[in-house]
file work-v7.csv (CSV, C-alpha atoms)
chain,number,residue,atom,x,y,z
A,8,MET,CA,-8.1,0.1,-9.6
A,9,ASP,CA,-10.1,-3.1,-9.1
A,10,ILE,CA,-9.0,-5.9,-6.7
A,11,LEU,CA,-11.7,-8.3,-7.7
A,12,THR,CA,-13.7,-8.8,-10.9
A,13,VAL,CA,-16.5,-11.4,-11.1
A,14,ARG,CA,-17.7,-12.1,-14.6
A,15,ASN,CA,-20.7,-14.2,-15.6
A,16,LEU,CA,-20.5,-16.3,-12.4
A,17,THR,CA,-23.0,-19.3,-12.4
A,18,LYS,CA,-23.4,-22.0,-9.8
A,19,ASN,CA,-26.0,-24.8,-9.7
A,20,PHE,CA,-26.4,-27.7,-7.3
A,21,TYR,CA,-27.7,-31.2,-8.2
A,22,LEU,CA,-29.7,-33.6,-6.1
A,23,HIS,CA,-28.9,-36.8,-7.9
A,24,ASN,CA,-31.3,-39.1,-6.1
A,25,PRO,CA,-34.5,-37.2,-7.1
A,26,GLY,CA,-32.7,-35.8,-10.2
A,27,LEU,CA,-33.2,-32.1,-9.4
A,28,LYS,CA,-31.1,-29.1,-10.4
A,29,ILE,CA,-31.1,-26.2,-8.0
A,30,LYS,CA,-30.1,-22.9,-9.6
A,31,SER,CA,-28.3,-20.9,-7.0
A,32,CYS,CA,-26.8,-18.0,-8.8
A,33,ARG,CA,-26.4,-17.1,-12.5
A,34,ASP,CA,-24.6,-14.5,-14.6
A,35,ILE,CA,-23.3,-12.5,-11.7
A,36,ASN,CA,-21.1,-9.6,-12.6
A,37,ILE,CA,-19.4,-7.5,-9.8
A,38,VAL,CA,-16.3,-5.3,-9.8
A,39,LEU,CA,-14.8,-4.4,-6.4
A,40,GLN,CA,-12.3,-1.5,-6.3
A,41,LYS,CA,-9.4,-1.5,-3.9
A,42,GLY,CA,-10.5,-0.1,-0.5
A,43,GLU,CA,-14.2,-0.4,-1.5
A,44,PHE,CA,-17.0,-2.1,0.5
A,45,ILE,CA,-19.8,-3.7,-1.5
A,46,GLY,CA,-22.9,-5.0,0.1
A,47,ILE,CA,-25.1,-7.9,-1.2
A,48,ALA,CA,-28.7,-7.9,-0.1
A,49,GLY,CA,-31.6,-10.3,-0.7
A,50,LEU,CA,-34.0,-12.8,0.8
A,51,SER,CA,-32.8,-16.1,2.3
A,52,GLY,CA,-32.1,-18.6,-0.5
A,53,ALA,CA,-31.5,-15.8,-3.1
A,54,GLY,CA,-27.9,-17.0,-3.7
A,55,LYS,CA,-26.0,-14.4,-1.7
A,56,SER,CA,-23.8,-16.9,0.3
A,57,THR,CA,-23.1,-18.9,-2.9
A,58,ILE,CA,-21.5,-15.9,-4.5
A,59,LEU,CA,-19.1,-15.4,-1.5
A,60,LYS,CA,-18.3,-19.1,-1.2
A,61,CYS,CA,-17.4,-19.2,-4.9
A,62,ILE,CA,-15.1,-16.3,-4.4
A,63,ASN,CA,-13.5,-18.1,-1.4
A,64,ARG,CA,-13.5,-21.2,-3.5
A,65,SER,CA,-15.5,-23.2,-0.9
A,66,TYR,CA,-17.7,-23.9,-3.9
A,67,LEU,CA,-16.4,-24.5,-7.4
A,68,PRO,CA,-18.2,-22.3,-10.0
A,69,MET,CA,-19.8,-24.0,-13.0
A,70,GLU,CA,-19.2,-21.0,-15.3
A,71,GLY,CA,-17.5,-17.6,-15.2
A,72,GLU,CA,-14.3,-16.0,-14.0
A,73,ILE,CA,-13.3,-14.6,-10.6
A,74,ILE,CA,-10.2,-12.4,-11.3
A,75,TYR,CA,-8.4,-11.5,-8.1
A,76,ASP,CA,-5.4,-9.1,-8.1
A,77,SER,CA,-3.0,-11.1,-5.8
A,78,GLU,CA,0.2,-9.7,-4.4
A,79,ALA,CA,1.8,-13.2,-4.8
A,80,PHE,CA,0.4,-14.4,-8.1
A,81,GLY,CA,-0.7,-11.2,-9.9
A,82,ARG,CA,-4.2,-11.4,-11.6
A,83,ILE,CA,-5.4,-14.9,-11.0
A,84,ASP,CA,-8.7,-16.6,-11.8
A,85,LEU,CA,-9.9,-18.1,-8.5
A,86,ALA,CA,-12.3,-20.3,-10.4
A,87,ALA,CA,-9.4,-22.0,-12.1
A,88,ALA,CA,-6.6,-21.7,-9.6
A,89,SER,CA,-4.9,-24.7,-8.2
A,90,GLU,CA,-5.7,-26.0,-4.7
A,91,ARG,CA,-2.1,-25.0,-3.6
A,92,GLU,CA,-2.7,-21.4,-4.8
A,93,ILE,CA,-6.1,-21.2,-3.1
A,94,ILE,CA,-4.7,-22.5,0.2
A,95,TYR,CA,-1.9,-19.9,0.0
A,96,LEU,CA,-4.4,-17.1,-0.7
A,97,ARG,CA,-6.7,-18.1,2.1
A,98,ARG,CA,-3.8,-18.1,4.6
A,99,ARG,CA,-2.2,-14.9,3.5
A,100,GLU,CA,-4.5,-12.6,1.4
A,101,ILE,CA,-8.2,-13.5,1.7
A,102,GLY,CA,-10.2,-13.5,4.9
A,103,TYR,CA,-13.6,-15.1,5.3
A,104,VAL,CA,-16.0,-14.3,8.3
A,105,SER,CA,-19.4,-15.9,8.9
A,106,GLN,CA,-21.9,-16.1,11.7
A,107,PHE,CA,-20.7,-19.6,12.4
A,108,LEU,CA,-17.6,-20.5,14.4
A,109,ASN,CA,-15.2,-23.3,13.2
A,110,VAL,CA,-12.6,-24.0,15.8
A,111,MET,CA,-10.4,-27.1,16.3
A,112,PRO,CA,-11.4,-29.1,19.4
A,113,ARG,CA,-9.6,-28.1,22.6
A,114,THR,CA,-8.4,-24.8,21.1
A,115,THR,CA,-8.8,-21.7,23.2
A,116,ALA,CA,-9.9,-18.4,21.7
A,117,LYS,CA,-6.3,-16.9,21.8
A,118,GLU,CA,-4.9,-20.1,20.3
A,119,HIS,CA,-7.5,-19.9,17.5
A,120,VAL,CA,-6.3,-16.5,16.5
A,121,MET,CA,-2.6,-17.4,16.9
A,122,ASN,CA,-3.1,-20.4,14.6
A,123,ALA,CA,-4.1,-18.2,11.8
A,124,LEU,CA,-0.6,-16.7,11.8
A,125,ILE,CA,1.2,-19.9,12.6
A,126,ASP,CA,-0.3,-21.4,9.5
A,127,THR,CA,1.4,-18.7,7.4
A,128,GLY,CA,4.8,-19.7,8.9
A,129,GLU,CA,5.0,-17.0,11.6
A,130,ASP,CA,6.8,-18.0,14.8
A,131,ARG,CA,4.8,-18.6,17.9
A,132,GLN,CA,6.0,-15.6,19.9
A,133,LYS,CA,5.1,-13.2,17.2
A,134,ALA,CA,1.8,-15.0,16.6
A,135,GLU,CA,0.9,-14.6,20.3
A,136,THR,CA,1.8,-10.9,20.3
A,137,GLU,CA,-0.3,-10.1,17.2
A,138,ALA,CA,-3.2,-12.3,18.4
A,139,VAL,CA,-3.4,-10.3,21.7
A,140,LYS,CA,-3.5,-7.1,19.6
A,141,MET,CA,-6.4,-8.4,17.6
A,142,LEU,CA,-8.4,-9.7,20.6
A,143,VAL,CA,-8.0,-6.3,22.2
A,144,TYR,CA,-8.9,-4.4,19.0
A,145,PHE,CA,-12.1,-6.5,18.6
A,146,ARG,CA,-13.0,-6.0,22.3
A,147,LEU,CA,-13.1,-9.7,23.3
A,148,PRO,CA,-12.8,-9.7,27.1
A,149,GLU,CA,-9.5,-10.9,28.3
A,150,ASN,CA,-11.1,-13.4,30.7
A,151,LEU,CA,-12.3,-15.3,27.6
A,152,TRP,CA,-9.0,-15.7,25.8
A,153,GLY,CA,-8.1,-18.9,27.6
A,154,ILE,CA,-11.5,-20.5,27.2
A,155,TYR,CA,-12.8,-22.9,24.6
A,156,PRO,CA,-15.1,-20.7,22.5
A,157,GLY,CA,-17.9,-23.2,22.1
A,158,THR,CA,-19.7,-21.6,24.9
A,159,PHE,CA,-19.4,-18.0,23.6
A,160,SER,CA,-22.4,-15.8,22.8
A,161,GLY,CA,-23.1,-14.9,19.2
A,162,GLY,CA,-21.4,-11.5,19.5
A,163,GLU,CA,-18.3,-13.0,21.2
A,164,ARG,CA,-18.1,-15.6,18.4
A,165,LEU,CA,-18.4,-12.9,15.7
A,166,ARG,CA,-15.6,-10.8,17.3
A,167,LEU,CA,-13.4,-14.0,17.5
A,168,ASN,CA,-14.1,-14.7,13.8
A,169,LEU,CA,-13.1,-11.2,12.9
A,170,ALA,CA,-9.9,-11.4,15.0
A,171,HIS,CA,-9.0,-14.7,13.4
A,172,ALA,CA,-9.5,-13.3,9.9
A,173,MET,CA,-7.9,-9.9,10.4
A,174,VAL,CA,-4.8,-11.0,12.2
A,175,LYS,CA,-3.4,-12.0,8.8
A,176,LYS,CA,-4.2,-8.5,7.5
A,177,PRO,CA,-6.1,-9.7,4.5
A,178,ARG,CA,-6.3,-7.6,1.4
A,179,LEU,CA,-9.8,-8.9,0.7
A,180,LEU,CA,-12.4,-9.7,3.4
A,181,LEU,CA,-15.6,-11.6,2.7
A,182,LEU,CA,-18.4,-11.3,5.3
A,183,ASP,CA,-21.2,-13.9,5.2
A,184,GLU,CA,-24.1,-12.6,7.3
A,185,PRO,CA,-21.9,-11.8,10.3
A,186,THR,CA,-24.6,-9.8,12.1
A,187,ALA,CA,-27.4,-12.5,11.9
A,188,SER,CA,-29.2,-12.9,15.2
A,189,LEU,CA,-27.1,-10.2,17.0
A,190,ASP,CA,-28.6,-7.7,19.3
A,191,ASN,CA,-28.6,-4.0,18.3
A,192,LYS,CA,-25.7,-3.1,20.6
A,193,THR,CA,-23.5,-5.8,19.2
A,194,LYS,CA,-24.5,-4.7,15.6
A,195,LEU,CA,-23.3,-1.2,16.3
A,196,LEU,CA,-20.0,-2.6,17.5
A,197,VAL,CA,-19.7,-4.5,14.3
A,198,LYS,CA,-20.5,-1.4,12.3
A,199,GLU,CA,-17.8,0.5,14.1
A,200,ILE,CA,-15.3,-2.3,13.4
A,201,LEU,CA,-16.1,-2.5,9.7
A,202,THR,CA,-15.9,1.3,9.3
A,203,GLY,CA,-12.4,1.1,10.9
A,204,LEU,CA,-11.3,-1.6,8.5
A,205,LYS,CA,-12.7,0.4,5.6
A,206,ASP,CA,-10.7,3.4,6.7
A,207,LYS,CA,-7.6,1.2,6.6
A,208,LYS,CA,-8.4,0.4,2.9
A,209,THR,CA,-9.4,-3.2,3.4
A,210,SER,CA,-11.5,-4.3,0.4
A,211,MET,CA,-14.7,-6.0,1.5
A,212,ILE,CA,-17.8,-7.8,0.2
A,213,GLY,CA,-20.5,-8.3,2.8
A,214,ILE,CA,-23.9,-10.0,3.0
A,215,PHE,CA,-26.5,-8.5,5.4
A,216,HIS,CA,-30.2,-9.1,6.0
A,217,ASP,CA,-30.4,-5.7,7.8
A,218,ILE,CA,-30.5,-3.1,5.0
A,219,GLU,CA,-30.5,-0.2,7.5
A,220,PHE,CA,-27.3,-1.5,9.0
A,221,MET,CA,-25.6,-1.4,5.7
A,222,GLU,CA,-26.3,2.3,5.2
A,223,GLY,CA,-23.3,4.5,5.6
A,224,VAL,CA,-20.9,1.4,5.6
A,225,CYS,CA,-21.2,0.1,2.1
A,226,ASP,CA,-20.2,2.1,-0.9
A,227,ARG,CA,-22.5,0.2,-3.2
A,228,VAL,CA,-25.3,-2.4,-2.7
A,229,PHE,CA,-26.3,-5.2,-5.1
A,230,ASN,CA,-29.8,-6.7,-4.7
A,231,ILE,CA,-30.1,-10.4,-5.5
A,232,SER,CA,-33.3,-12.2,-6.3
A,233,GLU,CA,-33.6,-15.9,-7.4
A,234,GLY,CA,-29.9,-16.0,-8.1
A,235,ALA,CA,-29.6,-12.9,-10.3
A,236,ILE,CA,-28.7,-9.3,-9.7
A,237,ILE,CA,-31.8,-7.1,-10.0
A,238,SER,CA,-30.3,-3.7,-9.1

call {"tool": "encode", "arguments": {"input": "work-v7.csv", "output": "structure tokens"}}
result
Amino acid sequence: MDILTVRNLTKNFYLHNPGLKIKSCRDINIVLQKGEFIGIAGLSGAGKSTILKCINRSYLPMEGEIIYDSEAFGRIDLAAASEREIIYLRRREIGYVSQFLNVMPRTTAKEHVMNALIDTGEDRQKAETEAVKMLVYFRLPENLWGIYPGTFSGGERLRLNLAHAMVKKPRLLLLDEPTASLDNKTKLLVKEILTGLKDKKTSMIGIFHDIEFMEGVCDRVFNISEGAIIS
């Protein structure tokens, strides 16, 4: 059974001063089954991240539908959902992980993971217990838990991003180039983590530059060129 169906998704950007229209992605059609991992590959600027950001509703699509099978709302079109519904889904059902770290100032690594649960209404004691489990699971050294993560390495930031997203146990996980600029050892750790999540039936869509990395992890791979699926 599908958990996500993207139909005829199109997104353009406009630069009003020079009067330019930038075509980012067009007529994208993807069906993600429950427990499946789909990879999206393509050159920089091909429109890969735009697709994920439209699913996450960081971008508002111009055309098309993004039908998500929500536990709370049933089958809902993310492209037309209210802001209240989107906020709820981000907090409780949909996780988003990127290569970049977005943490509130003066927030430690452990607090960052805890806050993901506190935002859902969980009490602080339970949030701390679950945050510790996630930090251990994603192998972030304990001596970093009480530190502001602005000084973390790329691999440490990625593991913190994964812990922050997964502590909520999302049904759908979106991965936007999480292995960019990582060394091979850290990439192997990421691959092991994603394989474990897949074994737990987490549904995922991931963007990767490294095609070899995706082999054996993704069930299917879509290739994107100039905003369109070519294979």

call {"tool": "closest_residue", "arguments": {"input": "work-v7.csv", "among": "A:Lys175, A:Ile200, A:Lys140, A:Gly102", "to": "A:Asp126", "atoms": "all atoms listed in the file"}}
result
A:Lys175

call {"tool": "residues_around", "arguments": {"input": "work-v7.csv", "residues": "stretch 50-65 of chain A", "least_positions_apart": "6", "cutoff": "10 Å", "atoms": "only C-alpha atoms", "output": "JSON, numbers by chain"}}
result
{"A": [11, 13, 16, 17, 18, 19, 30, 31, 32, 33, 35, 72, 73, 74, 75, 84, 85, 86, 87, 88, 90, 93, 94, 96, 97, 101, 102, 103, 105, 180, 181, 182, 183, 184, 212, 213, 214, 215, 216, 229, 230, 231, 232, 233, 234, 235, 236]}

call {"tool": "closest_residue", "arguments": {"input": "work-v7.csv", "among": "A:Glu92, A:Asp226, A:Glu129, A:Glu70", "to": "A:Ser210", "atoms": "only C-alpha atoms"}}
result
A:Asp226

call {"tool": "atom_distance", "arguments": {"input": "work-v7.csv", "atom1": "atom CA of A:Pro177", "atom2": "atom CA of A:Lys208"}}
result
10.5 Å

call {"tool": "closest_residue", "arguments": {"input": "work-v7.csv", "among": "A:Gln106, A:Trp152, A:Thr127, A:Ile237", "to": "A:Ala187", "atoms": "all atoms listed in the file"}}
result
A:Gln106

call {"tool": "closest_residue", "arguments": {"input": "work-v7.csv", "among": "A:Met69, A:Leu167, A:Leu142, A:Val120", "to": "A:Phe107", "atoms": "all atoms listed in the file"}}
result
A:Leu167

call {"tool": "atom_distance", "arguments": {"input": "work-v7.csv", "atom1": "atom CA of A:Gln40", "atom2": "atom CA of A:Leu124"}}
result
26.4 Å

call {"tool": "closest_residue", "arguments": {"input": "work-v7.csv", "among": "A:Glu137, A:Ser77, A:Arg227, A:Ile83", "to": "A:Ile37", "atoms": "all atoms listed in the file"}}
result
A:Arg227

call {"tool": "residues_near_point", "arguments": {"input": "work-v7.csv", "point": "(-29.5, -5.7, 0.7)", "cutoff": "6 Å", "atoms": "all atoms listed in the file", "output": "count of residues only"}}
result
5

call {"tool": "atom_distance", "arguments": {"input": "work-v7.csv", "atom1": "atom CA of A:Pro156", "atom2": "atom CA of A:Thr136"}}
result
19.7 Å

call {"tool": "closest_residue", "arguments": {"input": "work-v7.csv", "among": "A:Leu108, A:Ala79, A:Ala134, A:Val143", "to": "A:Tyr95", "atoms": "all atoms listed in the file"}}
result
A:Ala79

call {"tool": "residues_around", "arguments": {"input": "work-v7.csv", "residues": "A:Met111", "least_positions_apart": "3", "cutoff": "12 Å", "atoms": "only C-alpha atoms", "output": "list in words"}}
result
Leu108, Thr114, Thr115, Ala116, Glu118, His119, Val120, Asn122, Ala123, Tyr155, Pro156 and Gly157 of chain A

call {"tool": "residues_around", "arguments": {"input": "work-v7.csv", "residues": "A:Leu39", "least_positions_apart": "4", "cutoff": "7 Å", "atoms": "all atoms listed in the file", "output": "PyMOL selection string"}}
result
chain A and resi 9-12+43
